[in-house]
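So this block is target26.txt, compact mmCIF, C-alpha atoms:
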```
# COMPACT_ATOMS: atom_id res chain seq x y z
CA MET M 22 29.79 2.18 11.14
CA ALA M 23 26.92 -0.11 10.26
CA GLY M 24 25.18 -1.53 13.32
CA THR M 25 25.76 1.49 15.57
CA THR M 26 23.95 4.76 16.22
CA ASN M 27 25.00 7.92 18.02
CA SER M 28 22.36 10.42 19.21
CA SER M 29 24.79 13.37 19.15
CA ARG M 30 25.82 12.95 15.51
CA GLY M 31 24.14 14.56 12.55
CA LYS M 32 21.10 12.73 11.16
CA LEU M 33 20.51 12.33 7.45
CA ILE M 34 16.72 12.12 7.04
CA TYR M 35 15.47 9.81 4.30
CA ALA M 36 11.75 9.87 5.00
CA LEU M 37 8.99 10.44 7.52
CA THR M 38 6.68 7.63 8.56
CA ASP M 39 4.35 6.33 11.25
CA LEU M 40 5.77 5.51 14.66
CA GLY M 41 5.15 1.85 15.33
CA GLU M 42 2.96 1.17 18.33
CA GLY M 43 5.12 0.92 21.45
CA VAL M 44 8.26 1.45 19.35
CA ASP M 45 10.60 4.42 19.75
CA GLU M 46 13.47 3.26 17.56
CA GLN M 47 13.35 0.70 14.78
CA ILE M 48 16.36 -0.56 12.85
CA TYR M 49 15.71 -1.35 9.19
CA LYS M 50 17.18 -4.16 7.13
CA VAL M 51 18.87 -1.81 4.69
CA HIS M 52 22.06 0.22 4.82
CA GLY M 53 22.13 3.95 4.10
CA ILE M 54 24.72 6.31 2.73
CA GLY M 55 28.22 5.28 3.78
CA ASN M 56 26.88 1.82 4.69
CA ALA M 57 25.37 3.37 7.82
CA THR M 58 22.63 1.82 9.94
CA VAL M 59 19.17 3.07 9.01
CA TYR M 60 16.77 3.53 11.92
CA SER M 61 13.81 5.57 13.11
CA ILE M 62 13.56 8.36 15.64
CA GLY M 63 10.02 8.89 16.91
CA LYS M 64 7.95 11.63 18.49
CA ASP M 65 4.17 12.08 18.86
CA ASN M 66 3.18 9.03 16.77
CA VAL M 67 5.36 9.96 13.79
CA ALA M 68 8.96 9.12 13.03
CA ALA M 69 11.91 10.11 10.89
CA VAL M 70 13.98 7.42 9.18
CA VAL M 71 17.62 8.43 9.48
CA SER M 72 21.23 7.38 9.47
CA ASP M 73 24.19 8.98 11.21
CA VAL M 74 26.50 11.29 9.28
CA HIS M 75 29.76 12.99 10.21
CA SER M 76 29.37 15.98 7.87
CA THR M 77 26.85 18.77 7.44
CA LYS M 78 26.59 18.00 3.72
CA VAL M 79 26.31 14.86 1.62
CA ARG M 80 27.59 14.93 -1.93
CA PRO M 81 25.05 13.94 -4.62
CA GLU M 82 27.43 11.31 -5.98
CA ARG M 83 26.00 8.30 -7.78
CA ARG M 84 26.70 5.87 -4.93
CA ASN M 85 25.04 8.19 -2.41
CA LEU M 86 22.00 8.74 -4.62
CA MET M 87 21.70 5.00 -5.16
CA ALA M 88 21.91 4.34 -1.42
CA HIS M 89 19.24 6.97 -0.76
CA ARG M 90 16.94 5.36 -3.35
CA ALA M 91 17.58 1.90 -1.93
CA VAL M 92 16.47 3.06 1.52
CA LEU M 93 13.26 4.57 0.11
CA ALA M 94 12.57 1.41 -1.90
CA HIS M 95 12.91 -0.72 1.24
CA LEU M 96 10.71 1.62 3.26
CA LEU M 97 8.05 1.50 0.57
CA GLU M 98 7.97 -2.29 0.89
CA VAL M 99 7.36 -2.19 4.64
CA GLY M 100 4.96 0.73 5.05
CA THR M 101 3.82 4.24 4.15
CA VAL M 102 6.46 6.95 3.84
CA LEU M 103 6.82 10.61 3.02
CA PRO M 104 10.14 10.79 1.14
CA MET M 105 12.52 13.63 1.91
CA ARG M 106 14.69 15.35 -0.64
CA PHE M 107 18.25 14.11 -0.88
CA GLY M 108 20.69 15.62 1.60
CA VAL M 109 18.40 16.81 4.41
CA ILE M 110 20.44 16.74 7.63
CA ALA M 111 19.44 17.52 11.23
CA ALA M 112 22.05 18.44 13.84
CA ASN M 113 21.35 15.48 16.14
CA ALA M 114 18.61 13.20 17.46
CA GLU M 115 17.09 15.92 19.63
CA ALA M 116 16.79 18.23 16.62
CA VAL M 117 14.91 15.47 14.78
CA ARG M 118 12.49 15.03 17.70
CA LYS M 119 11.86 18.78 17.84
CA LEU M 120 11.19 18.80 14.10
CA LEU M 121 8.73 15.94 14.47
CA GLY M 122 7.02 17.50 17.46
CA ALA M 123 6.53 20.83 15.69
CA ASN M 124 5.02 19.14 12.61
CA SER M 125 3.42 15.94 13.92
CA GLU M 126 -0.13 16.88 12.92
CA SER M 127 0.70 17.85 9.33
CA ILE M 128 2.98 14.81 8.94
CA ALA M 129 0.18 12.52 10.16
CA ASP M 130 -2.28 14.17 7.74
CA GLN M 131 0.06 13.63 4.79
CA LEU M 132 0.71 10.03 5.80
CA MET M 133 -3.03 9.41 5.88
CA ARG M 134 -3.38 10.95 2.41
CA VAL M 135 -0.88 8.57 0.79
CA ARG M 136 -1.44 5.51 2.97
CA ASN M 137 -1.22 2.25 1.00
CA ARG M 138 -0.43 4.20 -2.14
CA ILE M 139 2.54 4.31 -4.47
CA GLU M 140 3.74 6.52 -7.28
CA MET M 141 4.19 5.36 -10.86
CA GLY M 142 5.92 7.39 -13.54
CA LEU M 143 5.15 7.67 -17.25
CA ARG M 144 7.48 9.25 -19.80
CA VAL M 145 6.53 9.78 -23.42
CA SER M 146 9.22 10.67 -25.96
CA TRP M 147 9.46 11.36 -29.67
CA ASP M 148 11.04 8.18 -31.05
CA VAL M 149 12.72 9.92 -33.99
CA THR M 150 16.31 10.44 -35.08
CA ASN M 151 16.25 14.25 -35.31
CA ILE M 152 13.49 16.16 -33.52
CA TYR M 153 14.06 19.35 -35.55
CA GLU M 154 13.83 17.56 -38.90
CA TYR M 155 10.78 15.68 -37.64
CA PHE M 156 8.95 18.95 -36.91
CA VAL M 157 10.11 20.44 -40.21
CA GLY M 158 8.49 17.50 -41.95
CA MET M 159 5.28 17.84 -39.92
CA HIS M 160 4.77 21.62 -40.24
CA PRO M 161 4.75 23.31 -43.69
CA LEU M 162 5.31 26.84 -42.34
CA LEU M 163 8.41 25.75 -40.44
CA ARG M 164 9.63 23.88 -43.52
CA GLU M 165 9.21 26.96 -45.71
CA ALA M 166 11.08 29.13 -43.20
CA ARG M 167 13.88 26.57 -42.93
CA ASP M 168 14.13 26.30 -46.72
CA ARG M 169 14.48 30.09 -47.06
CA LEU M 170 17.45 29.95 -44.71
CA LEU M 171 19.04 27.16 -46.73
CA VAL M 172 18.68 29.17 -49.95
CA GLN M 173 20.26 32.25 -48.36
CA GLY M 174 23.08 30.21 -46.85
CA ASP M 175 25.67 32.25 -44.95
CA SER M 176 23.96 35.49 -46.02
CA ALA M 177 20.84 34.68 -43.97
CA ALA M 178 20.12 37.37 -41.42
CA ARG M 179 20.65 36.52 -37.76
CA ASP M 180 17.13 37.71 -36.92
CA GLU M 181 15.65 35.26 -39.45
CA LYS M 182 17.59 32.38 -37.90
CA ILE M 183 16.38 33.38 -34.44
CA GLU M 184 12.79 33.59 -35.67
CA VAL M 185 12.96 30.09 -37.16
CA GLY M 186 14.32 28.82 -33.85
CA ARG M 187 11.46 30.50 -31.99
CA MET M 188 8.93 28.98 -34.37
CA PHE M 189 10.38 25.52 -33.72
CA ASP M 190 10.37 26.01 -29.94
CA HIS M 191 6.78 27.24 -30.02
CA LEU M 192 5.60 24.24 -32.03
CA VAL M 193 7.37 21.82 -29.67
CA SER M 194 5.91 23.51 -26.58
CA GLU M 195 2.45 23.56 -28.13
CA ALA M 196 2.67 19.84 -28.97
CA ARG M 197 3.89 18.96 -25.48
CA GLU M 198 1.04 20.86 -23.87
CA GLN M 199 -1.60 19.31 -26.12
CA TYR M 200 -0.33 15.73 -25.82
CA THR M 201 0.29 15.95 -22.07
CA GLU M 202 -3.29 16.99 -21.41
CA GLN M 203 -4.49 14.29 -23.81
CA VAL M 204 -2.61 11.55 -21.92
CA MET M 205 -3.46 12.93 -18.48
CA GLU M 206 -7.15 12.92 -19.37
CA VAL M 207 -6.91 9.17 -19.97
CA MET M 208 -4.73 8.44 -16.93
CA ARG M 209 -7.09 10.29 -14.57
CA ARG M 210 -9.54 7.43 -15.17
CA TYR M 211 -6.97 4.90 -13.92
CA CYS M 212 -5.14 6.85 -11.18
CA GLU M 213 -6.23 8.72 -8.06
CA GLU M 214 -4.09 11.74 -8.91
CA VAL M 215 -1.93 12.71 -11.88
CA VAL M 216 0.65 15.52 -12.07
CA ALA M 217 3.03 16.65 -14.81
CA SER M 218 6.67 17.53 -14.20
CA PRO M 219 8.97 19.60 -16.44
CA VAL M 220 10.65 17.61 -19.21
CA LYS M 221 14.45 17.40 -19.08
CA LYS M 222 15.41 16.12 -22.53
CA GLU M 223 14.86 17.56 -26.01
CA LYS M 224 12.89 14.57 -27.27
CA GLU M 225 10.71 14.19 -24.17
CA VAL M 226 7.05 14.95 -24.76
CA MET M 227 5.93 14.59 -21.16
CA ASN M 228 6.91 13.29 -17.75
CA ILE M 229 3.92 12.56 -15.54
CA ALA M 230 3.47 10.92 -12.14
CA CYS M 231 0.44 8.92 -11.05
CA LEU M 232 -0.70 8.14 -7.51
CA ILE M 233 -2.31 4.72 -7.31
CA GLU M 234 -3.25 2.14 -4.71
CA ARG M 235 -0.45 -0.25 -3.82
CA ASP M 236 -2.16 -3.13 -5.61
CA GLY M 237 -3.27 -1.02 -8.59
CA GLN M 238 -0.32 -1.47 -10.96
CA ALA M 239 -2.23 -3.65 -13.41
CA GLU M 240 -4.93 -0.98 -13.70
CA PHE M 241 -2.25 1.68 -14.21
CA GLU M 242 -0.70 -0.39 -17.02
CA ARG M 243 -4.10 -0.65 -18.70
CA GLY M 244 -4.30 3.14 -18.60
CA VAL M 245 -0.87 3.47 -20.24
CA PHE M 246 -1.94 1.06 -22.99
CA GLU M 247 -5.20 2.96 -23.51
CA ALA M 248 -3.37 6.30 -23.78
CA SER M 249 -0.73 4.91 -26.15
CA LYS M 250 -3.39 3.81 -28.64
CA GLN M 251 -3.96 7.50 -29.48
CA PHE M 252 -0.40 7.87 -30.80
CA ASN M 253 1.53 6.40 -33.73
CA ASN M 254 4.96 4.77 -33.75
CA ASP M 255 6.72 8.14 -33.57
CA TYR M 256 6.01 8.13 -29.82
CA LEU M 257 7.62 5.93 -27.18
CA PHE M 258 5.72 5.22 -23.93
CA ASP M 259 7.89 4.16 -20.98
CA TYR M 260 6.53 3.69 -17.46
CA ASN M 261 8.49 3.12 -14.26
CA GLY M 262 8.01 2.47 -10.56
CA PRO M 263 6.79 1.83 -8.00
CA TRP M 264 8.25 4.79 -6.12
CA ALA M 265 7.58 6.52 -2.84
CA PRO M 266 5.05 9.32 -3.56
CA HIS M 267 7.55 12.15 -4.13
CA ASN M 268 5.24 14.19 -6.35
CA PHE M 269 2.23 13.90 -4.08
CA VAL M 270 3.72 15.05 -0.79
CA ASP M 271 2.92 18.66 0.03
CA LEU M 272 4.58 19.28 3.36
CA ASP M 273 6.34 22.48 4.43
CA LEU M 274 8.06 21.60 7.67
CA GLU M 275 8.12 24.22 10.39
CA THR M 276 11.64 24.41 11.75
CA PRO M 277 11.64 24.82 15.55
CA GLN M 278 15.13 26.35 15.59
CA THR M 279 16.70 29.49 14.19
CA GLU M 280 18.96 27.46 11.93
CA SER M 281 17.38 25.44 9.16
CA THR M 282 17.06 21.85 10.31
CA ALA M 283 15.24 20.29 7.41
CA GLU M 284 13.74 21.10 4.05
CA GLN M 285 10.44 20.37 2.39
CA ALA M 286 9.52 16.74 2.02
CA GLY M 287 9.10 15.29 -1.42
```
Please rewrite the model in this file as structure tokens.
Amino acid sequence: MAGTTNSSRGKLIYALTDLGEGVDEQIYKVHGIGNATVYSIGKDNVAAVVSDVHSTKVRPERRNLMAHRAVLAHLLEVGTVLPMRFGVIAANAEAVRKLLGANSESIADQLMRVRNRIEMGLRVSWDVTNIYEYFVGMHPLLREARDRLLVQGDSAARDEKIEVGRMFDHLVSEAREQYTEQVMEVMRRYCEEVVASPVKKEKEVMNIACLIERDGQAEFERGVFEASKQFNNDYLFDYNGPWAPHNFVDLDLETPQTESTAEQAG
């Protein structure tokens, strides 16, 4: 129930943060998964932001994911946080304190690294109707191979079809690699750190994350504009954020118990 906490219940961990001076437990003005109270549990100058849960697992349903994101968004407004992956649960409050005590130095180091910083995302996509036909039109060798298949019709050999598919995949991968490095080279001049993540959709060219100072969004936007000038209207640039620095947290938590208490942050 919102407004109550129970030290013996399981603790869903949203993030790690600094322990406020003279503060052991802080209640935040945001509700967590299941409308639960969100609060901190501290140990050795660091803290975990948690809410109570009755189960050992939390389903990645839309409402739960949205609640998790809302907590992180609120935490980002009030301070520096190391976001945890969705669904990390400790057995109880004492397990959280043991986890913090075993990792307090590395947590503090990571907090210092991202202090007063936020993450911004940039996605670039091919803004075309059919990505295959777009590449056929851009690459004569692929067009010739495709045309041979069309002439042969149903009699085309399976191996030839596979080879054309491989040619297309290779050209897409090659383009993604080239354009990602091209954009990252520009963004490195406007961001402290830049990392690329795997693309998830067929038309995505790149998905990159940028670590910037909290008040550096205007500079980041200038970088996006500068990078976009190198591309024509076949490419769509879409940036998002600010987010907690998921892609810039490198923290393997040492678990002080035999059973796994928590997973890697980020």
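Nearest residue to Leu162 of chain M among M:Phe189, M:Arg30, M:Leu37, M:Gly142 is M:Phe189, counting only C-alpha atoms.
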Please provide as JSON, numbers by chain all residues within 6 Å of segment 226-240 of chain M, with the sequence filter that same-chain residues fewer than 2 positions apart are discarded (counting all atoms listed in the file).
{"M": [137, 138, 139, 140, 141, 142, 143, 144, 145, 146, 197, 201, 212, 213, 214, 215, 216, 217, 218, 220, 242, 243]}
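Coordinates place atom CA of Val71 of chain M at a distance of 18.5 Å from atom CA of Pro277 of chain M.
Taking atom CA of Val102 of chain M as the reference point, atom CA of Thr38 of chain M is found at 4.8 Å.
You will find atom CA of Lys32 of chain M at 14.4 Å from atom CA of Val92 of chain M.
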